[in-house]
Each structure stands twice: as structure tokens, then as C-alpha cells.
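Note sheet for the following structure.
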Amino acid sequence: MDISFDNVSYTYQPNTPLEHQALREVSFTIQSGSFVCIAGHTGSGKSTLVQLINGLLRPTEGKVKVGDFSLTSNKNHSVRDLRKNVGIVFQYPEHQLFEETVKEDILFGPRNFGVTVSDEQLHQVIEHVGLEPSILEKSPFEISGGQKRRVAIASVLVLEPKVLILDEPTAGLDPTGEQQIMKLFQRLHREKDMTIMMITHDMEHALNYANHMLVFEQGRLMLEGNPTNLFSNGDYLETIGLGLPEAIKLINEVKRLTGLNISYDRHSIEDIAVQLSNWAKAGGGQ
Amino acid sequence: MIQFSQVSYQYPNQSDWVLKNIDLTINQGEWVSLIGHNGSGKSTLAKLINGLLRPSEGEVMVGGVELTDENLWDIRRNVGMVFQNPENQFVGTTVIDDVVFGLENMGLSRKDMQYRVDESLELVGLSRYKYREPFNLSGGQKQRLAIASVLAMLPNIMVLDEATTMLDSKGGEELVNTMNRLHKEQQLTMISITHDMKEVLMADRVIVLKEGSVWFDGKPVELLQKDLRIEEVGLLPPFVVKLTNALKKRGITFKEEPLNIEELVKQLWIYRSTT
């Protein structure tokens with residue numbers, strides 16, 4: 001599903017003293033199957049943006065298109081089918097677990113949409129998030145934090161959304177847990193051709209996983225494009241405090257001190273090591 | 001000084017031990033990073049220090065005194081806690097009100113209160129924001145405000161429970177710099193629960209917990225050098241370490257283990273001019 005914003009603005013509590021414009025004249029197009037990273041500070045409009053994509057909010061002005069669905073300020077159209085196709089994993093989704101068993105929790109969403117889920121599908125989704133089927137009968141309150149996070153993600157994935165929206169999906173996880181969850185999203189993106197939109201302040205994730213990045217500041221879309229390109233002209237990102245990924249910092253530092261240009265394109269550490277060691281060995285005591 | 005002797009902890013009605021026979025001494029003025037898997041017992045350990053939890057077995061001493069019902073409040077004043085979401089701790093409508101709140105029940109004179117408030121806001125670099133609403137501060141500023149409110153109580157020990165987790169890189173840097181300053185200038189004991197390896201590398205000492213026991217206790221450099229399987233405890237080597245190892249495999253030698261990008265590039269430069 002392509003996603004497009006056409007001059008979209010959103011104002012909370014309009015015509016009151018608390019009026020607050022969260023998004024201002026935002027336009028962009030995301031192609032189906034993209035892995036998009038959305039970056040910006042608290043209050044830059046990121047969360048408003050994702051809520052507009054699944055119809056939790058309607059634009060005050062402009063038009064949001066998700067596949068064949070159009071959303072405008074007109075509230076007359078149903079968003080039920082849209083929500084089935086656009087899954088959102090909110091921050092700390094494990095706080096939303098409430099059923100007696102993991103199985104019941106995962107089935108809660110499908111039941112609301114009138115969808116039946118076979119045991120086979122259930123096992124599949126549990127395996128997909130890296131858990132054992134035996135967890136299905138456990139209480140969501142007796143499993144570990146990392147497992148809870150996976151269960152919460154499974155309960156969104158079970159509806160087989162075409163678009164998956166993630167709000168800081170790895171916050172609070174230990175580094176290996178974080179890596180596993182990110183690899184899971186990467187796999188979903190590749191194998192199921194899912195469109196992924198991920199809010200993150202971790203620029204390492206943006207560089208390593210995303211193929212498109214949107215940068216927001218005070219409700220405006222300030223920058224968009226391929227993460228590698230955005231980082232290589234990273235002055236703006238630095239000034240707004242988003243920082244640069246370590247690999248890019250290294251490449252910049254090497255260039256500043258030695259003049260050596262390291263080429264990179266979704267570089268692995270090995271690629272960088274080859275270039276650096278060749279350079280270091282070519283010194284010849286000068 | 002904080003002392004744990006043979007401390008074990010078990011949550012009520014649960015059979016698993018969250019902490020098992022912990023023996024630890026943390027000296028005044030130390031900066032300790034406390035790391036480990038989700039569920040390794042880090043937060044439980046932190047809560048035992050200020051009496052939010054009491055050990056099921058063993059003894060916790062803070063400043064040479066064992067925690068009892070009588071001295072609980074004194075110890076809590078001595079041990080400041082800062083959590084992941086500072087918003088949950090804000091009560092005041094302005095920055096200054098928020099810092100004052102904690103002092104109001106301490107029976108201080110107005111002059112003393114003013115002094116402490118100004119001093120703590122100065123220490124975290126928020127003096128200019130006194131009359132701002134806490135909710136309009138940036139993420140890093142919010143965390144620093146939470147720290148200022150704790151500092152005003154003049155604690156000897158500060159415990160930060162994943163305080164950098166929700167911050168962007170600038171906010172995280174601001175916070176770590178503030179911690180560094182407090183540690184150096186105020187000789188505050190700092191215990192920081194974190195997953196951020198860059199922060200860990202700045203600490204004096206790192207304690208790694210695994211399944212409720214101490215898995216490693218030593219200098220951050222040693223943790224990375226010793227070729228321990230840190231993945232086992234939920235950690236991944238930081239970028240600089242991975243790159244250093246990749247370079248070593250290609251025959252580059254390092255006089256000292258580089259801990260940041262600047263050091264790494266400098267050492268490569270030296271290598272190049274001496275080969």
C-alpha cells in the first residue's frame with residue numbers, strides 16, 4: 001500500500017485557548033514495501049503523523065491516502081478496513097497485555113475484526129516473533145519483559161497488516177533483545193513485503209534498516225530521503241540533536257584528520273576495516 | 001558506602017530468586033554502571049539500595065547503617081532515584097516549583113531552600129529555565145530537572161534507572177555530561193542502570209548481572225578486553241570495539257585499546273607513520 005500525505009495539517013483542540021498545531025502542511029509519498037524511519041524530537045509531530053495513517057486522527061486540512069483509502073477532515077467514512085491493514089505497535093506495547101493467557105491476548109484483535117485464526121496461524125505468528133508455542137498457554141504476566149514485547153508485536157502481526165507502524169519498538173530492551181526485534185522487522189519487511197514505518201531516535205537503526213527517512217521538527221517535514229545520503233550531509237541532523245551513526249562519525253573523523261575518503265554504502269564493519277587497514281599499512285614510515 | 005552481604009531477593013508468592021547471594025561494596029564517589037539482560041535483577045538491586053524493597057535474605061548497609069523501618073526515611077533522603085520517564089515524577093507547574101517540592105517537608109529556612117534550589121539547577125545547567133513549565137522542556141532537560149530535584153535533597157548516592165533510554169543522542173549526551181560533572185565535582189556516588197555501552201565506557205566500574213548473580217565486576221575496559229562472551233548477558237560490543245577487532249584481524253596492532261572514535265583514528269595514524 002502506498003502512503004501519501006498531501007498538504008496535511010493537524011490541529012489539536014482548534015478554536016480553544018489550548019489550540020496546538022501539531023503538523024503543518026506535510027506532503028510526502030511512501031512507496032509500498034518501503035522501510036521508513038521517522039525521526040524528530042518530542043513534540044515534532046511524529047506520533048500525530050502515525051495516528052493519521054490508521055485513522056485514529058483525521059487531518060484538519062489536506063488529504064491522507066493509504067492504498068485506496070482516503071482520509072480527510074470529513075468523518076463520514078469508515079476506517080475499520082483501514083485499521084485491519086495498518087497495524088500499530090505503540091511504545092511499550094506490553095503494557096496493553098491484559099488477558100489470562102498469551103493466546104487470548106493475541107486473539108483479541110482478530111475477534112474484534114471478526115476474523116478467525118487457525119491454530120496453525122497462531123503457531124506461525126508465535127514462531128515469527130521468535131517464541132515457542134508453549135508460551136501460548138502462559139499468563140502474559142509471568143513472562144519476561146522481552147517476551148511480553150514479542151507477544152504484543154505478535155498480537156498486531158496476527159492480523160497480517162500490509163503496513164506496520166512502530167513507535168520506538170526497542171525502547172528499554174537490552175542490546176541483544178533490541179537486535180533480535182530489529183531483525184524480525186527486517187525479515188517481515190523482506191519476506192512479507194510489509195511497509196514499515198518506524199519512529200526512532202536511534203540513528204543506527206535508521207542507517208542499518210531503513211531505505212527512507214523522514215525528519216520532522218516542530219510539525220514540519222524538514223528533510224527526507226535515503227538515510228545514507230542524509231547522514232553524509234549530516235550537519236542539519238547534528239544541529240537538531242539527532243546525532244549521527246557511529247560509522248558515519250568515524251568516516252567523518254578519518255576524513256577530517258587524514259583526508260582519506262572511505263566509500264560506504266550500507267557498509268559493514270568489515271568493509272570499513274579493509275579500507276582503513278590498507279591505508280594504515282601503506283604508511284611506509286612517512 | 002553501600003554494602004551488600006549475602007543478599008537474596010524473592011518477590012512475594014514467586015518461587016524464583018531474582019537476586020542470589022550478592023556480595024558487593026560500592027565506595028563513596030564511585031561511578032558504577034549496572035548492566036545485564038532484561039530480567040537479570042538490576043532494578044531489584046537498585047530498589048534494595050533505597051529501601052523500596054527489603055532483602056529476603058542477607059543485609060544491605062548504606063553509609064555503614066543497616067536499613068530499618070526507623071531510618072528508612074533518612075536513607076531515602078540520602079539515596080536519590082531518577083527513573084526512565086521523568087514526567088511521572090514532575091509535580092510542579094514550573095521548574096523551580098518542582099525542585100522546591102522535595103524540600104518543603106524538610107523544615108529548611110527560606111534562605112537555605114533558595115540556596116539549594118539555585119545550586120542544584122546551576123549544577124545541571126537549568127538556571128535559565130527556572131520559570132518554564134517542566135512539560136515544555138526537551139527530553140534531556142526533563143531528565144536533568146529530575147536530577148536537580150534529587151540533588152536539592154543533598155544525597156550522597158544517586159541511582160539512575162535507565163534514565164537515558166528514552167533520550168535522543170543529544171539528550172543522552174547532555175545527561176551523561178551532567179553525570180560526569182556531578183561525579184567529579186560533588187563526589188557523588190553514581191549507580192546507573194543502562195544498556196548504553198557508550199555510557200558504560202565512561203564509568204569507573206561496571207557490574208554485570210546475570211540471572212540474579214554478579215557475572216562481572218571490574219573496569220569497563222576489562223569487560224571488553226577479556227574476550228568475555230558479553231552476548232550471553234544481553235550486551236553487544238560497541239562499534240569502536242567491533243572495528244578495532246576487525247582491524248586487529250587484518251594485522252593492525254594497537255598500543256592501547258581505543259575506547260572512542262577519536263582514539264581509534266589517532267592510533268591508526270600513529271601505526272601508519274611508524275610502519
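Identifiers in this document derive from the order of the C-alpha cells: chains are assigned A, B, ..., residues are numbered from 1 separately in each chain, and ligands are numbered from 1 in order of occurrence.
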
Helix (DSSP H, G or I) call set, DSSP backbone run, segment 91-185 of chain A, as a PDB file with C-alpha atoms, in the first residue's frame:
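Everything below was put into result_6.pdb:
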ATOM      1  CA  PRO A  93       3.130  -2.299  23.885  1.00  0.00           C
ATOM      2  CA  GLU A  94       3.487  -4.883  26.659  1.00  0.00           C
ATOM      3  CA  HIS A  95       1.555  -2.511  28.923  1.00  0.00           C
ATOM      4  CA  GLN A  96      -1.510  -3.329  26.848  1.00  0.00           C
ATOM      5  CA  VAL A 102      -0.926 -15.193  25.766  1.00  0.00           C
ATOM      6  CA  LYS A 103      -3.205 -16.978  23.301  1.00  0.00           C
ATOM      7  CA  GLU A 104      -6.270 -14.984  24.364  1.00  0.00           C
ATOM      8  CA  ASP A 105      -4.290 -11.770  24.108  1.00  0.00           C
ATOM      9  CA  ILE A 106      -3.216 -12.489  20.564  1.00  0.00           C
ATOM     10  CA  LEU A 107      -6.753 -13.482  19.562  1.00  0.00           C
ATOM     11  CA  PHE A 108      -8.334 -10.342  20.998  1.00  0.00           C
ATOM     12  CA  GLY A 109      -7.641  -8.210  17.906  1.00  0.00           C
ATOM     13  CA  PRO A 110      -8.845 -10.731  15.321  1.00  0.00           C
ATOM     14  CA  ARG A 111     -12.021 -11.315  17.349  1.00  0.00           C
ATOM     15  CA  ASN A 112     -12.796  -7.603  17.215  1.00  0.00           C
ATOM     16  CA  ASP A 119      -4.081 -22.824  15.450  1.00  0.00           C
ATOM     17  CA  GLU A 120      -1.607 -23.131  12.638  1.00  0.00           C
ATOM     18  CA  GLN A 121      -1.640 -19.367  12.040  1.00  0.00           C
ATOM     19  CA  LEU A 122      -1.273 -18.800  15.736  1.00  0.00           C
ATOM     20  CA  HIS A 123       1.799 -21.014  15.897  1.00  0.00           C
ATOM     21  CA  GLN A 124       3.211 -19.345  12.839  1.00  0.00           C
ATOM     22  CA  VAL A 125       2.938 -15.866  14.274  1.00  0.00           C
ATOM     23  CA  ILE A 126       4.453 -17.000  17.578  1.00  0.00           C
ATOM     24  CA  GLU A 127       7.387 -18.537  15.741  1.00  0.00           C
ATOM     25  CA  HIS A 128       7.740 -15.437  13.632  1.00  0.00           C
ATOM     26  CA  PRO A 133       4.332 -22.299  21.022  1.00  0.00           C
ATOM     27  CA  SER A 134       4.348 -23.426  24.670  1.00  0.00           C
ATOM     28  CA  ILE A 135       4.132 -19.777  25.668  1.00  0.00           C
ATOM     29  CA  LEU A 136       0.569 -19.568  24.332  1.00  0.00           C
ATOM     30  CA  GLU A 137      -0.936 -21.088  27.467  1.00  0.00           C
ATOM     31  CA  GLY A 145       9.880  -8.181  29.509  1.00  0.00           C
ATOM     32  CA  GLY A 146      11.401  -9.148  26.170  1.00  0.00           C
ATOM     33  CA  GLN A 147       8.866 -11.951  25.725  1.00  0.00           C
ATOM     34  CA  LYS A 148       5.984  -9.601  26.564  1.00  0.00           C
ATOM     35  CA  ARG A 149       7.185  -7.197  23.900  1.00  0.00           C
ATOM     36  CA  ARG A 150       7.182 -10.032  21.346  1.00  0.00           C
ATOM     37  CA  VAL A 151       3.711 -11.183  22.355  1.00  0.00           C
ATOM     38  CA  ALA A 152       2.407  -7.633  21.943  1.00  0.00           C
ATOM     39  CA  ILE A 153       4.001  -7.460  18.500  1.00  0.00           C
ATOM     40  CA  ALA A 154       2.530 -10.869  17.603  1.00  0.00           C
ATOM     41  CA  SER A 155      -0.931  -9.619  18.519  1.00  0.00           C
ATOM     42  CA  VAL A 156      -0.561  -6.917  15.876  1.00  0.00           C
ATOM     43  CA  LEU A 157       1.045  -9.198  13.280  1.00  0.00           C
ATOM     44  CA  PRO A 175      21.107  -4.751  23.193  1.00  0.00           C
ATOM     45  CA  THR A 176      20.708  -8.377  22.083  1.00  0.00           C
ATOM     46  CA  GLY A 177      16.926  -8.180  22.515  1.00  0.00           C
ATOM     47  CA  GLU A 178      16.956  -4.999  20.500  1.00  0.00           C
ATOM     48  CA  GLN A 179      18.915  -6.615  17.697  1.00  0.00           C
ATOM     49  CA  GLN A 180      16.584  -9.628  17.577  1.00  0.00           C
ATOM     50  CA  ILE A 181      13.494  -7.443  17.358  1.00  0.00           C
ATOM     51  CA  MET A 182      15.032  -5.297  14.620  1.00  0.00           C
ATOM     52  CA  LYS A 183      15.976  -8.419  12.637  1.00  0.00           C
ATOM     53  CA  LEU A 184      12.383  -9.574  12.985  1.00  0.00           C
ATOM     54  CA  PHE A 185      11.102  -6.372  11.399  1.00  0.00           C
TER      55      PHE A 185
END

For chain A against chain B, which residues fall within 6 Å using only C-alpha atoms, given as a PDB file with N, CA, C and O atoms, in the first residue's frame?
ATOM      1  N   ASP A 174      17.341  -4.863  26.209  1.00  0.00           N
ATOM      2  CA  ASP A 174      18.793  -4.958  26.240  1.00  0.00           C
ATOM      3  C   ASP A 174      19.312  -5.110  24.802  1.00  0.00           C
ATOM      4  O   ASP A 174      18.552  -5.443  23.902  1.00  0.00           O
ATOM      5  N   PRO A 175      20.603  -4.806  24.572  1.00  0.00           N
ATOM      6  CA  PRO A 175      21.107  -4.751  23.193  1.00  0.00           C
ATOM      7  C   PRO A 175      20.840  -6.000  22.345  1.00  0.00           C
ATOM      8  O   PRO A 175      20.491  -5.870  21.166  1.00  0.00           O
ATOM      9  N   THR A 176      20.963  -7.200  22.918  1.00  0.00           N
ATOM     10  CA  THR A 176      20.708  -8.377  22.083  1.00  0.00           C
ATOM     11  C   THR A 176      19.205  -8.490  21.767  1.00  0.00           C
ATOM     12  O   THR A 176      18.840  -8.835  20.656  1.00  0.00           O
ATOM     13  N   HIS A 201      14.630   7.319  17.694  1.00  0.00           N
ATOM     14  CA  HIS A 201      15.662   8.343  17.799  1.00  0.00           C
ATOM     15  C   HIS A 201      17.038   7.697  17.672  1.00  0.00           C
ATOM     16  O   HIS A 201      18.047   8.333  17.871  1.00  0.00           O
ATOM     17  N   GLY A 241      20.202  17.853  16.966  1.00  0.00           N
ATOM     18  CA  GLY A 241      20.465  16.957  18.092  1.00  0.00           C
ATOM     19  C   GLY A 241      20.136  15.504  17.844  1.00  0.00           C
ATOM     20  O   GLY A 241      20.038  14.730  18.765  1.00  0.00           O
ATOM     21  N   LEU A 242      19.953  15.111  16.584  1.00  0.00           N
ATOM     22  CA  LEU A 242      19.670  13.707  16.338  1.00  0.00           C
ATOM     23  C   LEU A 242      20.944  12.877  16.300  1.00  0.00           C
ATOM     24  O   LEU A 242      20.914  11.677  16.457  1.00  0.00           O
ATOM     25  N   GLY A 243      22.060  13.562  16.083  1.00  0.00           N
ATOM     26  CA  GLY A 243      23.319  12.829  16.088  1.00  0.00           C
ATOM     27  C   GLY A 243      23.489  11.998  14.835  1.00  0.00           C
ATOM     28  O   GLY A 243      22.592  11.901  14.000  1.00  0.00           O
ATOM     29  N   LEU A 250      32.828   7.986  12.352  1.00  0.00           N
ATOM     30  CA  LEU A 250      34.182   7.510  12.102  1.00  0.00           C
ATOM     31  C   LEU A 250      34.672   7.989  10.745  1.00  0.00           C
ATOM     32  O   LEU A 250      35.776   8.526  10.613  1.00  0.00           O
ATOM     33  N   ALA A 273      36.933  -1.770   7.781  1.00  0.00           N
ATOM     34  CA  ALA A 273      38.221  -2.256   8.292  1.00  0.00           C
ATOM     35  C   ALA A 273      39.212  -2.498   7.147  1.00  0.00           C
ATOM     36  O   ALA A 273      40.398  -2.188   7.265  1.00  0.00           O
ATOM     37  N   ALA A 280      46.395   2.267   6.599  1.00  0.00           N
ATOM     38  CA  ALA A 280      47.375   2.318   7.689  1.00  0.00           C
ATOM     39  C   ALA A 280      48.665   1.601   7.319  1.00  0.00           C
ATOM     40  O   ALA A 280      49.760   2.027   7.674  1.00  0.00           O
ATOM     41  N   LYS A 281      48.532   0.500   6.549  1.00  0.00           N
ATOM     42  CA  LYS A 281      49.717  -0.273   6.183  1.00  0.00           C
ATOM     43  C   LYS A 281      50.530   0.400   5.081  1.00  0.00           C
ATOM     44  O   LYS A 281      51.691   0.081   4.881  1.00  0.00           O
ATOM     45  N   GLY A 283      51.638   3.242   5.016  1.00  0.00           N
ATOM     46  CA  GLY A 283      52.327   4.411   5.538  1.00  0.00           C
ATOM     47  C   GLY A 283      53.778   4.502   5.123  1.00  0.00           C
ATOM     48  O   GLY A 283      54.257   5.539   4.685  1.00  0.00           O
ATOM     49  N   GLY A 284      54.513   3.392   5.273  1.00  0.00           N
ATOM     50  CA  GLY A 284      55.917   3.378   4.892  1.00  0.00           C
ATOM     51  C   GLY A 284      56.758   4.342   5.714  1.00  0.00           C
ATOM     52  O   GLY A 284      57.766   4.855   5.261  1.00  0.00           O
ATOM     53  N   GLY A 285      56.353   4.598   6.970  1.00  0.00           N
ATOM     54  CA  GLY A 285      57.170   5.383   7.888  1.00  0.00           C
ATOM     55  C   GLY A 285      57.275   6.857   7.546  1.00  0.00           C
ATOM     56  O   GLY A 285      58.167   7.528   8.015  1.00  0.00           O
ATOM     57  N   GLN A 286      56.363   7.361   6.696  1.00  0.00           N
ATOM     58  CA  GLN A 286      56.465   8.796   6.385  1.00  0.00           C
ATOM     59  C   GLN A 286      55.886   9.653   7.501  1.00  0.00           C
ATOM     60  O   GLN A 286      54.908   9.295   8.088  1.00  0.00           O
TER      61      GLN A 286
END

So which residues touch segment 225-234 of chain A within 6 Å, counting only C-alpha atoms, skipping near sequence neighbours fewer than 2 positions away, as a PyMOL selection string? chain A and resi 207+211-213+236-237

Hey, what's within 9 Å of segment 103-114 of chain B if we count only C-alpha atoms and toss same-chain stuff fewer than 4 positions away? As a PyMOL selection string, please? chain B and resi 99+118-119+149+152-153

DSSP-assigned strand (DSSP E or B) members of segment 21-189 of chain A, reported as a ChimeraX atom specification: /A:21-30,35-40,61-66,69-71,86-89,163-167

Measure the distance from atom CA of Gly172 of chain A to atom CA of Tyr92 of chain A in Å and round it to one decimal.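 Separation between atom CA of Gly172 of chain A and atom CA of Tyr92 of chain A: 8.4 Å.
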
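A straight line drawn from atom CA of Pro155 of chain B to atom CA of Lys20 of chain B is 27.9 Å long.
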
Non-local contacts of Leu188 of chain B (12 Å; only C-alpha atoms; under 6 positions in same chain excluded) as a PDB file with N, CA and C atoms, in the first residue's frame:
ATOM      1  N   MET B   1      29.091   4.759  51.452  1.00  0.00           N
ATOM      2  CA  MET B   1      29.433   3.407  51.051  1.00  0.00           C
ATOM      3  C   MET B   1      28.201   2.505  51.088  1.00  0.00           C
ATOM      4  N   ILE B  26      30.231  -0.832  47.264  1.00  0.00           N
ATOM      5  CA  ILE B  26      30.388   0.316  46.364  1.00  0.00           C
ATOM      6  C   ILE B  26      30.855   1.489  47.221  1.00  0.00           C
ATOM      7  N   ASN B  27      31.998   2.045  46.858  1.00  0.00           N
ATOM      8  CA  ASN B  27      32.584   3.104  47.671  1.00  0.00           C
ATOM      9  C   ASN B  27      32.020   4.471  47.336  1.00  0.00           C
ATOM     10  N   GLN B  28      32.116   5.377  48.328  1.00  0.00           N
ATOM     11  CA  GLN B  28      31.665   6.745  48.123  1.00  0.00           C
ATOM     12  C   GLN B  28      32.420   7.349  46.940  1.00  0.00           C
ATOM     13  N   GLY B  29      31.683   7.996  46.035  1.00  0.00           N
ATOM     14  CA  GLY B  29      32.303   8.678  44.911  1.00  0.00           C
ATOM     15  C   GLY B  29      32.525   7.818  43.692  1.00  0.00           C
ATOM     16  N   GLU B  30      32.168   6.542  43.765  1.00  0.00           N
ATOM     17  CA  GLU B  30      32.336   5.690  42.584  1.00  0.00           C
ATOM     18  C   GLU B  30      31.211   5.909  41.583  1.00  0.00           C
ATOM     19  N   TRP B  31      31.538   5.790  40.301  1.00  0.00           N
ATOM     20  CA  TRP B  31      30.519   5.803  39.256  1.00  0.00           C
ATOM     21  C   TRP B  31      30.428   4.370  38.731  1.00  0.00           C
ATOM     22  N   VAL B  32      29.293   3.728  39.008  1.00  0.00           N
ATOM     23  CA  VAL B  32      29.111   2.331  38.658  1.00  0.00           C
ATOM     24  C   VAL B  32      28.014   2.177  37.612  1.00  0.00           C
ATOM     25  N   ASN B  78      19.089  10.188  51.464  1.00  0.00           N
ATOM     26  CA  ASN B  78      20.499  10.040  51.128  1.00  0.00           C
ATOM     27  C   ASN B  78      20.698   9.375  49.761  1.00  0.00           C
ATOM     28  N   VAL B  79      19.683   8.656  49.318  1.00  0.00           N
ATOM     29  CA  VAL B  79      19.777   7.923  48.054  1.00  0.00           C
ATOM     30  C   VAL B  79      18.719   8.465  47.093  1.00  0.00           C
ATOM     31  N   GLY B  80      19.144   9.277  46.138  1.00  0.00           N
ATOM     32  CA  GLY B  80      18.190   9.838  45.180  1.00  0.00           C
ATOM     33  C   GLY B  80      17.972   8.883  44.024  1.00  0.00           C
ATOM     34  N   VAL B 150      16.403  15.838  42.818  1.00  0.00           N
ATOM     35  CA  VAL B 150      17.039  14.873  43.710  1.00  0.00           C
ATOM     36  C   VAL B 150      18.252  15.510  44.394  1.00  0.00           C
ATOM     37  N   LEU B 151      19.035  16.264  43.623  1.00  0.00           N
ATOM     38  CA  LEU B 151      20.245  16.891  44.165  1.00  0.00           C
ATOM     39  C   LEU B 151      19.950  17.853  45.303  1.00  0.00           C
ATOM     40  N   LEU B 154      20.421  16.939  48.766  1.00  0.00           N
ATOM     41  CA  LEU B 154      21.808  16.660  49.135  1.00  0.00           C
ATOM     42  C   LEU B 154      22.088  15.173  49.398  1.00  0.00           C
ATOM     43  N   PRO B 155      21.772  14.322  48.435  1.00  0.00           N
ATOM     44  CA  PRO B 155      22.052  12.899  48.644  1.00  0.00           C
ATOM     45  C   PRO B 155      23.547  12.624  48.476  1.00  0.00           C
ATOM     46  N   ASN B 156      23.999  11.503  49.013  1.00  0.00           N
ATOM     47  CA  ASN B 156      25.375  11.062  48.760  1.00  0.00           C
ATOM     48  C   ASN B 156      25.416  10.084  47.596  1.00  0.00           C
ATOM     49  N   ILE B 157      24.237   9.519  47.323  1.00  0.00           N
ATOM     50  CA  ILE B 157      24.168   8.468  46.319  1.00  0.00           C
ATOM     51  C   ILE B 157      23.049   8.793  45.343  1.00  0.00           C
ATOM     52  N   MET B 158      23.331   8.614  44.072  1.00  0.00           N
ATOM     53  CA  MET B 158      22.272   8.815  43.090  1.00  0.00           C
ATOM     54  C   MET B 158      22.138   7.550  42.245  1.00  0.00           C
ATOM     55  N   VAL B 159      20.905   7.056  42.148  1.00  0.00           N
ATOM     56  CA  VAL B 159      20.644   5.862  41.358  1.00  0.00           C
ATOM     57  C   VAL B 159      19.821   6.257  40.141  1.00  0.00           C
ATOM     58  N   THR B 178      26.337  15.694  32.432  1.00  0.00           N
ATOM     59  CA  THR B 178      25.910  16.150  33.760  1.00  0.00           C
ATOM     60  C   THR B 178      26.343  15.145  34.822  1.00  0.00           C
ATOM     61  N   MET B 179      26.156  13.860  34.516  1.00  0.00           N
ATOM     62  CA  MET B 179      26.547  12.826  35.473  1.00  0.00           C
ATOM     63  C   MET B 179      28.037  12.890  35.751  1.00  0.00           C
ATOM     64  N   ASN B 180      28.802  13.068  34.684  1.00  0.00           N
ATOM     65  CA  ASN B 180      30.247  13.128  34.799  1.00  0.00           C
ATOM     66  C   ASN B 180      30.662  14.285  35.709  1.00  0.00           C
ATOM     67  N   ARG B 181      29.970  15.418  35.530  1.00  0.00           N
ATOM     68  CA  ARG B 181      30.283  16.607  36.302  1.00  0.00           C
ATOM     69  C   ARG B 181      29.957  16.393  37.784  1.00  0.00           C
ATOM     70  N   LEU B 182      28.792  15.820  38.052  1.00  0.00           N
ATOM     71  CA  LEU B 182      28.386  15.595  39.445  1.00  0.00           C
ATOM     72  C   LEU B 182      29.344  14.637  40.131  1.00  0.00           C
TER      73      LEU B 182
END

Pick the closest to Glu57 of chain B from B:Ile22, B:Leu72, B:Ala146, B:Val82: which is it, counting only C-alpha atoms?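 Closest to Glu57 of chain B, using only C-alpha atoms: B:Ile22.
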
Report the distance between atom CA of Asp235 of chain A and atom CA of Asn261 of chain A in Å, rounded to one decimal place. 17.8 Å
